[in-house]
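Undergrad: My file is protein05.csv. It has CSV, C-alpha atoms:
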```csv
chain,number,residue,atom,x,y,z
A,307,MET,CA,-41.9,-0.3,-26.8
A,308,ALA,CA,-38.6,-1.6,-28.1
A,309,LEU,CA,-36.0,0.8,-29.3
A,310,THR,CA,-34.9,0.8,-32.9
A,311,ASN,CA,-31.5,1.6,-34.3
A,312,GLN,CA,-33.0,4.4,-36.3
A,313,GLN,CA,-34.5,6.0,-33.2
A,314,VAL,CA,-31.3,6.0,-31.2
A,315,ALA,CA,-29.1,7.2,-34.2
A,316,THR,CA,-31.5,10.1,-34.9
A,317,ALA,CA,-31.7,11.1,-31.2
A,318,LEU,CA,-27.9,11.1,-30.9
A,319,SER,CA,-27.4,13.1,-34.0
A,320,GLU,CA,-29.9,15.7,-32.8
A,321,ALA,CA,-28.4,15.9,-29.3
A,322,PHE,CA,-24.8,16.1,-30.5
A,323,PRO,CA,-24.8,17.7,-33.9
A,324,GLY,CA,-21.6,16.9,-35.9
A,325,ALA,CA,-20.3,14.4,-33.3
A,326,VAL,CA,-21.5,11.2,-35.2
A,327,LEU,CA,-18.9,10.7,-37.9
A,328,LYS,CA,-20.1,7.4,-39.3
A,329,THR,CA,-23.0,5.0,-38.8
A,330,GLU,CA,-23.0,1.3,-39.5
A,331,GLU,CA,-25.2,-1.7,-38.6
A,332,PRO,CA,-23.0,-4.8,-38.8
A,333,TYR,CA,-25.2,-7.9,-37.9
A,334,GLY,CA,-27.9,-5.5,-36.9
A,335,MET,CA,-26.0,-3.8,-34.1
A,336,LEU,CA,-26.0,0.0,-34.2
A,337,THR,CA,-22.3,1.1,-34.5
A,338,LEU,CA,-21.4,4.8,-34.4
A,339,GLU,CA,-18.1,6.5,-34.8
A,340,ILE,CA,-17.9,9.4,-32.5
A,341,SER,CA,-15.4,12.3,-32.4
A,342,LYS,CA,-13.1,12.1,-29.4
A,343,GLU,CA,-14.1,15.4,-28.0
A,344,LYS,CA,-17.7,14.4,-27.6
A,345,ILE,CA,-17.4,10.8,-26.5
A,346,LYS,CA,-17.5,11.4,-22.8
A,347,ASP,CA,-20.5,13.8,-23.0
A,348,MET,CA,-22.4,11.3,-25.2
A,349,ILE,CA,-21.9,8.4,-22.8
A,350,THR,CA,-23.0,10.5,-19.9
A,351,TRP,CA,-26.0,11.6,-21.8
A,352,LEU,CA,-26.9,8.0,-22.8
A,353,LYS,CA,-26.6,6.8,-19.2
A,354,ASN,CA,-28.7,9.6,-17.8
A,355,ASP,CA,-31.4,9.6,-20.5
A,356,GLU,CA,-34.8,8.7,-19.2
A,357,GLN,CA,-35.8,6.8,-22.3
A,358,PHE,CA,-32.6,5.0,-23.4
A,359,LYS,CA,-31.3,4.0,-19.9
A,360,ILE,CA,-27.9,2.7,-21.2
A,361,HIS,CA,-26.9,1.5,-17.8
A,362,PHE,CA,-24.6,-1.4,-18.5
A,363,LEU,CA,-21.1,-1.4,-20.0
A,364,THR,CA,-20.5,-4.8,-21.6
A,365,LEU,CA,-17.0,-4.2,-22.9
A,366,LEU,CA,-14.3,-1.6,-23.4
A,367,GLY,CA,-11.3,-2.3,-25.5
A,368,GLY,CA,-8.6,-0.8,-27.7
A,369,MET,CA,-8.0,-0.9,-31.5
A,370,HIS,CA,-4.9,-0.2,-33.6
A,371,TYR,CA,-5.1,0.5,-37.4
A,372,PRO,CA,-1.5,1.5,-38.4
A,373,ASP,CA,-2.6,2.6,-41.9
A,374,ASN,CA,-5.3,5.0,-40.6
A,375,LYS,CA,-2.9,8.0,-40.5
A,376,GLY,CA,-3.7,10.5,-37.7
A,377,HIS,CA,-6.3,8.1,-36.3
A,378,GLU,CA,-4.3,5.0,-35.6
A,379,LEU,CA,-5.5,4.1,-32.2
A,380,GLY,CA,-9.1,3.8,-31.0
A,381,VAL,CA,-11.3,2.7,-28.2
A,382,VAL,CA,-14.5,0.7,-28.7
A,383,TYR,CA,-17.4,0.7,-26.1
A,384,HIS,CA,-20.2,-1.8,-26.1
A,385,PHE,CA,-23.3,-0.8,-24.1
A,386,HIS,CA,-26.4,-2.6,-23.2
A,387,SER,CA,-29.7,-1.1,-22.1
A,388,LEU,CA,-31.0,-3.9,-19.9
A,389,GLN,CA,-34.5,-2.4,-19.6
A,390,ASN,CA,-34.9,-1.9,-23.3
A,391,ASN,CA,-32.8,-4.9,-24.3
A,392,PHE,CA,-30.9,-2.6,-26.7
A,393,ARG,CA,-27.3,-2.9,-27.6
A,394,LEU,CA,-25.0,-0.1,-28.9
A,395,ARG,CA,-21.4,0.1,-30.0
A,396,LEU,CA,-19.5,3.3,-30.0
A,397,LYS,CA,-16.0,3.8,-31.5
A,398,THR,CA,-13.7,6.7,-31.3
A,399,PHE,CA,-10.3,7.2,-33.0
A,400,PHE,CA,-7.3,9.4,-32.2
A,401,SER,CA,-3.6,9.9,-33.1
A,402,ILE,CA,-0.9,7.5,-31.8
A,403,GLY,CA,1.2,10.5,-31.0
A,404,HIS,CA,-1.3,11.7,-28.4
A,405,PRO,CA,-3.2,8.6,-27.1
A,406,HIS,CA,-5.3,10.3,-24.5
A,407,ILE,CA,-9.0,9.9,-23.8
A,408,PRO,CA,-11.2,10.8,-20.8
A,409,THR,CA,-11.9,8.0,-18.4
A,410,ILE,CA,-15.5,6.7,-17.8
A,411,THR,CA,-14.7,5.2,-14.4
A,412,ASP,CA,-16.8,7.9,-12.8
A,413,LEU,CA,-19.9,6.6,-14.8
A,414,PHE,CA,-19.2,2.8,-14.8
A,415,ASP,CA,-17.0,1.2,-12.1
A,416,THR,CA,-16.5,-1.8,-14.3
A,417,ALA,CA,-14.5,0.4,-16.7
A,418,ASN,CA,-11.7,0.6,-14.1
A,419,TRP,CA,-9.9,-2.7,-14.9
A,420,GLN,CA,-10.9,-2.6,-18.6
A,421,GLU,CA,-9.3,0.7,-19.0
A,422,ARG,CA,-6.2,-0.5,-17.3
A,423,GLU,CA,-6.1,-3.5,-19.6
A,424,THR,CA,-6.5,-1.2,-22.6
A,425,TYR,CA,-3.6,0.9,-21.4
A,426,ASP,CA,-1.5,-2.3,-20.7
A,427,PHE,CA,-1.9,-3.6,-24.3
A,428,PHE,CA,-2.3,-0.5,-26.4
A,429,GLY,CA,-0.8,2.3,-24.4
A,430,ILE,CA,-4.0,4.4,-24.4
A,431,TRP,CA,-3.9,6.8,-21.5
A,432,PHE,CA,-7.3,7.3,-19.8
A,433,ASP,CA,-7.2,10.8,-18.3
A,434,GLY,CA,-8.7,11.0,-14.8
A,435,HIS,CA,-8.5,7.2,-14.1
A,436,PRO,CA,-7.8,6.7,-10.4
A,437,ASN,CA,-5.1,4.0,-10.9
A,438,MET,CA,-3.7,4.1,-14.4
A,439,LYS,CA,-1.0,1.3,-14.5
A,440,ARG,CA,-0.5,-2.1,-16.0
A,441,ILE,CA,-2.8,-4.9,-14.9
A,442,LEU,CA,-1.9,-8.1,-16.7
A,443,ASN,CA,1.7,-7.8,-18.0
A,444,GLU,CA,4.7,-7.5,-15.8
A,445,ASP,CA,5.3,-4.0,-14.5
A,446,ASP,CA,8.7,-3.5,-16.1
A,447,MET,CA,7.5,-4.3,-19.6
A,448,ASP,CA,8.7,-1.5,-21.9
A,449,TYR,CA,6.2,-1.7,-24.8
A,450,PHE,CA,2.5,-2.3,-25.5
A,451,PRO,CA,2.3,-5.8,-27.0
A,452,MET,CA,-1.0,-5.5,-28.9
A,453,ARG,CA,0.2,-2.7,-31.1
A,454,LYS,CA,0.7,-4.0,-34.6
A,455,GLU,CA,4.3,-3.2,-35.0
A,456,TYR,CA,5.3,-5.8,-32.4
A,457,HIS,CA,5.5,-9.5,-33.2
A,458,LEU,CA,3.3,-11.8,-31.1
A,459,GLU,CA,6.2,-14.3,-30.7
A,460,ASP,CA,8.7,-14.1,-28.0
A,461,ALA,CA,11.7,-12.2,-29.4
A,462,THR,CA,14.3,-13.9,-27.2
A,463,ARG,CA,13.9,-17.4,-28.5
A,464,GLU,CA,16.8,-18.8,-30.5
A,465,ASP,CA,15.8,-22.5,-31.0
A,466,LYS,CA,13.1,-21.9,-33.6
A,467,ASP,CA,13.9,-21.8,-37.3
A,468,ASP,CA,11.4,-19.4,-38.9
A,469,ARG,CA,11.3,-21.6,-42.1
A,470,TYR,CA,9.5,-24.3,-40.2
A,471,PHE,CA,7.0,-22.0,-38.6
A,472,GLY,CA,5.6,-20.3,-41.6
A,473,ARG,CA,7.3,-16.9,-40.9
B,1097,MET,CA,35.9,-63.0,9.5
B,1098,SER,CA,34.6,-66.1,7.6
B,1099,ASN,CA,31.0,-64.8,7.2
B,1100,GLU,CA,32.1,-61.4,5.8
B,1101,THR,CA,30.1,-60.7,2.7
B,1102,LYS,CA,30.4,-58.0,0.2
B,1103,ASP,CA,27.0,-56.8,-0.9
B,1104,LYS,CA,27.6,-55.3,-4.3
B,1105,LYS,CA,25.5,-54.0,-7.1
B,1106,THR,CA,22.1,-54.8,-5.5
B,1107,PRO,CA,19.7,-52.2,-6.7
B,1108,GLY,CA,18.4,-49.9,-4.0
B,1109,LYS,CA,21.1,-51.1,-1.6
B,1110,VAL,CA,24.2,-49.3,-0.5
B,1111,GLU,CA,27.5,-51.0,-1.2
B,1112,ALA,CA,28.7,-52.3,2.2
B,1113,TYR,CA,30.9,-54.9,4.0
B,1114,ASN,CA,28.8,-56.8,6.5
B,1115,ALA,CA,30.2,-58.8,9.4
B,1116,PRO,CA,29.0,-59.7,12.9
B,1117,GLY,CA,28.8,-56.6,15.0
B,1118,TYR,CA,29.7,-54.1,12.4
B,1119,GLN,CA,29.1,-52.8,8.9
B,1120,LEU,CA,31.5,-50.9,6.8
B,1121,THR,CA,30.4,-48.5,4.1
B,1122,MET,CA,30.8,-45.0,2.8
B,1123,LEU,CA,29.0,-42.2,4.7
B,1124,GLU,CA,28.5,-40.4,1.4
B,1125,LYS,CA,26.5,-43.4,-0.1
B,1126,VAL,CA,24.4,-43.8,3.0
B,1127,ILE,CA,23.4,-40.1,3.0
B,1128,GLY,CA,22.9,-40.2,-0.7
B,1129,ASN,CA,20.5,-43.1,-0.4
B,1130,ALA,CA,18.7,-41.6,2.5
B,1131,ARG,CA,18.2,-38.3,0.5
B,1132,ALA,CA,17.1,-40.1,-2.6
B,1133,ASN,CA,14.4,-42.1,-0.8
B,1134,SER,CA,13.0,-39.2,1.2
B,1135,LEU,CA,12.7,-36.4,-1.3
B,1136,TRP,CA,10.0,-34.0,-0.3
B,1137,PRO,CA,8.6,-32.4,-3.4
B,1138,LEU,CA,7.2,-28.9,-3.7
B,1139,PRO,CA,4.7,-29.0,-6.5
B,1140,PHE,CA,4.6,-25.8,-8.5
B,1141,ALA,CA,1.8,-26.7,-10.8
B,1142,THR,CA,0.1,-24.1,-13.0
B,1143,SER,CA,-1.9,-25.9,-15.8
B,1144,CYS,CA,-2.6,-29.2,-17.5
B,1145,CYS,CA,0.8,-30.7,-16.6
B,1146,GLY,CA,-0.4,-30.1,-13.0
B,1147,ILE,CA,-3.4,-32.3,-13.6
B,1148,GLU,CA,-1.1,-35.1,-14.8
B,1149,PHE,CA,1.0,-34.4,-11.7
B,1150,MET,CA,-2.1,-34.8,-9.5
B,1151,ALA,CA,-2.7,-38.2,-11.1
B,1152,THR,CA,0.9,-39.1,-10.3
B,1153,MET,CA,0.4,-38.2,-6.7
B,1154,GLY,CA,-2.9,-40.2,-6.5
B,1155,SER,CA,-3.4,-43.8,-5.6
B,1156,ASN,CA,-3.1,-45.3,-9.2
B,1157,TYR,CA,0.5,-44.1,-9.8
B,1158,ASP,CA,1.3,-43.5,-6.1
B,1159,MET,CA,4.3,-41.3,-5.9
B,1160,ALA,CA,4.5,-42.1,-2.2
B,1161,ARG,CA,6.3,-45.4,-3.2
B,1162,PHE,CA,9.4,-43.2,-3.8
B,1163,GLY,CA,9.5,-41.8,-0.3
B,1164,MET,CA,7.3,-38.8,-1.3
B,1165,GLU,CA,4.4,-39.3,1.1
B,1166,ARG,CA,4.2,-35.7,1.9
B,1167,MET,CA,4.0,-32.8,-0.5
B,1168,SER,CA,5.8,-29.9,1.0
B,1169,PHE,CA,3.9,-26.7,0.3
B,1170,SER,CA,6.6,-24.8,2.1
B,1171,PRO,CA,9.8,-24.3,0.2
B,1172,ARG,CA,11.8,-24.3,3.4
B,1173,GLN,CA,11.2,-28.0,4.0
B,1174,ALA,CA,11.3,-29.1,0.3
B,1175,ASP,CA,14.1,-30.9,-1.5
B,1176,LEU,CA,12.6,-31.2,-5.0
B,1177,LEU,CA,10.9,-28.4,-6.9
B,1178,ILE,CA,8.5,-29.9,-9.5
B,1179,VAL,CA,7.5,-27.2,-12.0
B,1180,ALA,CA,4.6,-28.4,-14.0
B,1181,GLY,CA,2.9,-26.0,-16.5
B,1182,THR,CA,3.2,-22.7,-18.3
B,1183,ILE,CA,5.2,-20.1,-16.4
B,1184,SER,CA,4.3,-16.6,-17.5
B,1185,LYS,CA,6.9,-13.9,-17.4
B,1186,LYS,CA,5.0,-12.2,-14.6
B,1187,LEU,CA,5.3,-15.5,-12.5
B,1188,ALA,CA,9.0,-15.9,-13.1
B,1189,PRO,CA,10.2,-13.8,-10.2
B,1190,ILE,CA,7.9,-15.7,-7.9
B,1191,LEU,CA,9.3,-19.1,-9.1
B,1192,ARG,CA,12.8,-17.7,-8.6
B,1193,GLN,CA,11.9,-16.7,-5.0
B,1194,VAL,CA,10.5,-20.1,-4.2
B,1195,TYR,CA,13.7,-21.7,-5.5
B,1196,ASP,CA,15.8,-19.3,-3.5
B,1197,GLN,CA,13.9,-20.1,-0.3
B,1198,MET,CA,14.6,-23.9,-0.6
B,1199,ALA,CA,17.4,-25.2,1.5
B,1200,GLU,CA,20.4,-27.1,0.0
B,1201,PRO,CA,20.5,-29.7,-1.3
B,1202,LYS,CA,17.8,-29.1,-3.8
B,1203,TRP,CA,16.8,-30.4,-7.2
B,1204,VAL,CA,14.5,-29.1,-9.9
B,1205,LEU,CA,12.3,-31.3,-12.2
B,1206,SER,CA,10.8,-29.4,-15.2
B,1207,VAL,CA,7.6,-31.2,-16.2
B,1208,GLY,CA,6.2,-30.8,-19.7
B,1209,ALA,CA,7.0,-28.7,-22.8
B,1210,CYS,CA,5.9,-25.4,-21.4
B,1211,ALA,CA,8.1,-25.5,-18.3
B,1212,SER,CA,11.0,-26.8,-20.3
B,1213,SER,CA,10.8,-24.5,-23.4
B,1214,GLY,CA,7.7,-22.4,-23.4
B,1215,GLY,CA,6.0,-25.1,-25.5
B,1216,ILE,CA,3.3,-23.9,-27.9
B,1217,PHE,CA,3.2,-20.6,-26.1
B,1218,ASP,CA,5.8,-18.8,-28.2
B,1219,THR,CA,4.4,-15.4,-27.1
B,1220,TYR,CA,5.4,-12.2,-25.5
B,1221,SER,CA,3.9,-13.1,-22.1
B,1222,VAL,CA,5.3,-16.6,-21.5
B,1223,LEU,CA,8.7,-17.5,-20.1
B,1224,GLN,CA,10.5,-19.6,-22.8
B,1225,GLY,CA,11.6,-22.3,-20.4
B,1226,ILE,CA,12.2,-22.1,-16.6
B,1227,ASP,CA,15.9,-22.7,-17.1
B,1228,ARG,CA,16.1,-19.0,-18.0
B,1229,VAL,CA,15.5,-18.2,-14.3
B,1230,ILE,CA,16.5,-21.2,-12.3
B,1231,PRO,CA,18.9,-24.2,-12.9
B,1232,VAL,CA,17.1,-27.4,-13.9
B,1233,ASP,CA,18.2,-31.0,-13.1
B,1234,VAL,CA,15.8,-33.2,-15.2
B,1235,TYR,CA,13.5,-32.3,-18.0
B,1236,VAL,CA,10.4,-34.3,-18.7
B,1237,PRO,CA,9.1,-34.0,-22.3
B,1238,GLY,CA,5.5,-34.2,-23.3
B,1239,CYS,CA,2.4,-32.0,-23.7
B,1240,PRO,CA,1.4,-33.0,-21.1
B,1241,PRO,CA,3.6,-36.0,-20.1
B,1242,ARG,CA,1.9,-39.1,-18.8
B,1243,PRO,CA,2.3,-40.0,-15.1
B,1244,GLU,CA,4.7,-42.7,-16.1
B,1245,GLN,CA,7.0,-40.1,-17.7
B,1246,ILE,CA,6.8,-37.9,-14.6
B,1247,LEU,CA,7.7,-40.9,-12.4
B,1248,ASP,CA,10.6,-41.6,-14.8
B,1249,GLY,CA,11.8,-38.1,-14.3
B,1250,VAL,CA,11.5,-38.5,-10.5
B,1251,ILE,CA,13.6,-41.7,-10.6
B,1252,LYS,CA,16.3,-39.9,-12.6
B,1253,ILE,CA,16.3,-37.2,-9.8
B,1254,GLN,CA,16.7,-40.0,-7.3
B,1255,GLU,CA,19.7,-41.3,-9.2
B,1256,LEU,CA,21.2,-37.8,-9.2
B,1257,ALA,CA,20.6,-37.6,-5.4
B,1258,LYS,CA,22.2,-41.0,-4.8
B,1259,LYS,CA,25.4,-40.2,-6.7
B,1260,GLU,CA,25.8,-36.7,-5.6
B,1261,SER,CA,29.1,-35.9,-3.9
B,1262,PHE,CA,29.2,-34.2,-0.5
B,1263,ARG,CA,31.4,-31.6,-2.1
B,1264,LYS,CA,29.2,-30.7,-5.0
B,1265,ARG,CA,27.3,-27.9,-3.3
B,1266,TYR,CA,30.6,-26.3,-2.3
B,1267,SER,CA,32.3,-26.8,-5.6
B,1268,ASP,CA,33.4,-23.9,-7.8
B,1269,GLU,CA,31.3,-25.4,-10.6
B,1270,TYR,CA,28.1,-25.2,-8.6
B,1271,LYS,CA,28.9,-21.7,-7.4
B,1272,GLN,CA,29.5,-20.6,-10.9
B,1273,LEU,CA,26.1,-22.1,-11.9
B,1274,LEU,CA,24.3,-20.1,-9.2
B,1275,GLU,CA,26.4,-17.1,-10.2
B,1276,LYS,CA,25.1,-17.5,-13.8
B,1277,TYR,CA,21.5,-17.4,-12.6
B,1278,LYS,CA,22.4,-14.5,-10.2
B,1279,LEU,CA,21.3,-16.6,-7.2
B,1280,ASN,CA,23.5,-15.7,-4.3
B,1281,HIS,CA,24.3,-18.0,-1.4
```
How does this structure look as structure tokens?

TA:
Amino acid sequence: MALTNQQVATALSEAFPGAVLKTEEPYGMLTLEISKEKIKDMITWLKNDEQFKIHFLTLLGGMHYPDNKGHELGVVYHFHSLQNNFRLRLKTFFSIGHPHIPTITDLFDTANWQERETYDFFGIWFDGHPNMKRILNEDDMDYFPMRKEYHLEDATREDKDDRYFGR
Amino acid sequence: MSNETKDKKTPGKVEAYNAPGYQLTMLEKVIGNARANSLWPLPFATSCCGIEFMATMGSNYDMARFGMERMSFSPRQADLLIVAGTISKKLAPILRQVYDQMAEPKWVLSVGACASSGGIFDTYSVLQGIDRVIPVDVYVPGCPPRPEQILDGVIKIQELAKKESFRKRYSDEYKQLLEKYKLNH
């Protein structure tokens, strides 16, 4: 019996009352916005649930919406239940002033490097991560380059005239 | 001394006076010619320019014609550092260390737009030209340059090696150059 979006959304709302802040279905994929306090419990519950069996973390990444005051930074999780062939996307947002979220490395080993990458580019600190440090950029980099306030271009270049590069 | 000849301006030959039993020439020119025709390159190839460089090494373009039969994968035994490809900022200290480990005299050939200026990768993670971390002798333009262009760059390096004075590596100008890049010798 295949899982439906409705079935999973209802089950999660019942198990965690008040935790689901928003429900969407872009391109048919169930997408839930979860409060930061409940996200770890919900992922644990989804993984251990006998029916859903969400055993596979496809992707984990950061988000930055500078205009979303008080909830500027976010983390998005993509899960896949291989046995049910069901995909689920969870999002959670928090303030840029306190960018902390619990790690899920104890549930999914694959989250280790992905959380480090998210820290590297967005400066989101995963509490409880065994090795929270930069992974791709050079160690002495002093900012988080994927945050929107930083330009993508190299700031040290002098030979480019902005008029010819559409800036 | 009737059959004394002055062999002048013959390409690839050292200016010399030949006579039976002896030859007169300048040591500097002999050494320069020997260096120029036995450059051992260290390929530091990271991306598509590296593929063009491989073609340059292969039998069609045959870099070995220029006395480069052996690629030196140890910086200690290399004379010419060929940097072909994008160098990220994280890779820059490694490139610097490789350059530092090479023994004098040494030359650097920067192959392609990325190595020379960062190329299309005007971004936070890419070094905007290797001349920000090490001194460069010859730049080869192109994205990527054809093997003919890389060979042209190599020939220009050979010209530099031929003409180089013995005193260059001890000169104040050279010391200041290394000082500028904070490379200590």

Undergrad: Using all atoms listed in the file, which chain B residues lie at most 6 Å away from chain A, written as a list in words?

TA: Lys1186, Asp1218, Thr1219 and Tyr1220 of chain B

Undergrad: Name the residues in contact with range 1148-1161 of chain B at a cut-off of 12 Å, using only C-alpha atoms, excluding same-chain residues fewer than 2 positions from it; report them as a ChimeraX atom specification.

TA: /B:1133-1146,1163-1167,1178-1181,1205-1208,1236,1238-1251

Undergrad: Of the residues B:Ala1257, B:Ala1132, B:Val1126, B:Leu1176, which is the one nearest to Met1198 in chain B, using all atoms listed in the file?

TA: B:Leu1176

Undergrad: Work out how far CA of Gly1215 in chain B is from CA of Ala1174 in chain B, in Å to one decimal.

TA: 26.6 Å

Undergrad: CA of Ile441 in chain A and CA of Ile1147 in chain B are how many Å apart?

TA: 27.4 Å

Undergrad: Kindly indicate which residue among B:Tyr1270, B:Tyr1277, B:Tyr1113, B:Trp1203 lies nearest to Val1229 in chain B, using all atoms listed in the file for the distances.

TA: B:Tyr1277

Undergrad: Between CA of Met348 in chain A and CA of Asn374 in chain A, what is the spacing in Å?

TA: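 According to the coordinates, CA of Asn374 in chain A and CA of Met348 in chain A are separated by 23.9 Å.
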
Undergrad: Choose the residue, out of A:Ser319, A:Thr329, A:Thr416, A:Gln312, that has the smallest atom-to-atom separation from Lys397 in chain A; count all atoms listed in the file.

TA: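 For Lys397 in chain A, the nearest of the candidates is A:Thr329.
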
Undergrad: Name the residues within 12 Å of (-24.1, 2.1, -36.7), counting all atoms listed in the file in the file's coordinates, and put them as number ranges by chain.

TA: A: 310-316, 318-319, 326-340, 384, 393-397

Undergrad: Could you write out that same residue set with C-alpha atoms as a PDB file, keeping the file's coordinate frame?

TA:
```
ATOM      1  CA  THR A 310     -34.900   0.800 -32.900  1.00  0.00           C
ATOM      2  CA  ASN A 311     -31.500   1.600 -34.300  1.00  0.00           C
ATOM      3  CA  GLN A 312     -33.000   4.400 -36.300  1.00  0.00           C
ATOM      4  CA  GLN A 313     -34.500   6.000 -33.200  1.00  0.00           C
ATOM      5  CA  VAL A 314     -31.300   6.000 -31.200  1.00  0.00           C
ATOM      6  CA  ALA A 315     -29.100   7.200 -34.200  1.00  0.00           C
ATOM      7  CA  THR A 316     -31.500  10.100 -34.900  1.00  0.00           C
ATOM      8  CA  LEU A 318     -27.900  11.100 -30.900  1.00  0.00           C
ATOM      9  CA  SER A 319     -27.400  13.100 -34.000  1.00  0.00           C
ATOM     10  CA  VAL A 326     -21.500  11.200 -35.200  1.00  0.00           C
ATOM     11  CA  LEU A 327     -18.900  10.700 -37.900  1.00  0.00           C
ATOM     12  CA  LYS A 328     -20.100   7.400 -39.300  1.00  0.00           C
ATOM     13  CA  THR A 329     -23.000   5.000 -38.800  1.00  0.00           C
ATOM     14  CA  GLU A 330     -23.000   1.300 -39.500  1.00  0.00           C
ATOM     15  CA  GLU A 331     -25.200  -1.700 -38.600  1.00  0.00           C
ATOM     16  CA  PRO A 332     -23.000  -4.800 -38.800  1.00  0.00           C
ATOM     17  CA  TYR A 333     -25.200  -7.900 -37.900  1.00  0.00           C
ATOM     18  CA  GLY A 334     -27.900  -5.500 -36.900  1.00  0.00           C
ATOM     19  CA  MET A 335     -26.000  -3.800 -34.100  1.00  0.00           C
ATOM     20  CA  LEU A 336     -26.000   0.000 -34.200  1.00  0.00           C
ATOM     21  CA  THR A 337     -22.300   1.100 -34.500  1.00  0.00           C
ATOM     22  CA  LEU A 338     -21.400   4.800 -34.400  1.00  0.00           C
ATOM     23  CA  GLU A 339     -18.100   6.500 -34.800  1.00  0.00           C
ATOM     24  CA  ILE A 340     -17.900   9.400 -32.500  1.00  0.00           C
ATOM     25  CA  HIS A 384     -20.200  -1.800 -26.100  1.00  0.00           C
ATOM     26  CA  ARG A 393     -27.300  -2.900 -27.600  1.00  0.00           C
ATOM     27  CA  LEU A 394     -25.000  -0.100 -28.900  1.00  0.00           C
ATOM     28  CA  ARG A 395     -21.400   0.100 -30.000  1.00  0.00           C
ATOM     29  CA  LEU A 396     -19.500   3.300 -30.000  1.00  0.00           C
ATOM     30  CA  LYS A 397     -16.000   3.800 -31.500  1.00  0.00           C
TER      31      LYS A 397
END
```

Undergrad: Show me, as a ChimeraX atom specification, the residues that have an atom within 10 Å of His406 in chain A when counting only C-alpha atoms, minus same-chain residues fewer than 6 positions from it.

TA: /A:342,379-380,400,429-433

Undergrad: Within 10 Å of Phe385 in chain A, counting all atoms listed in the file, which residues show up once you throw out same-chain ones fewer than 2 positions away? Write them as JSON, numbers by chain, please.

TA: {"A": [349, 352, 353, 360, 361, 362, 363, 364, 365, 366, 383, 387, 388, 392, 393, 394, 395, 396]}

Undergrad: Restricting the calculation to all atoms listed in the file, which member of B:Leu1274, B:Val1222, B:Leu1120, B:Ala1130 is positioned closest to Tyr1195 in chain B?

TA: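 For Tyr1195 in chain B, the nearest of the given residues is B:Leu1274.
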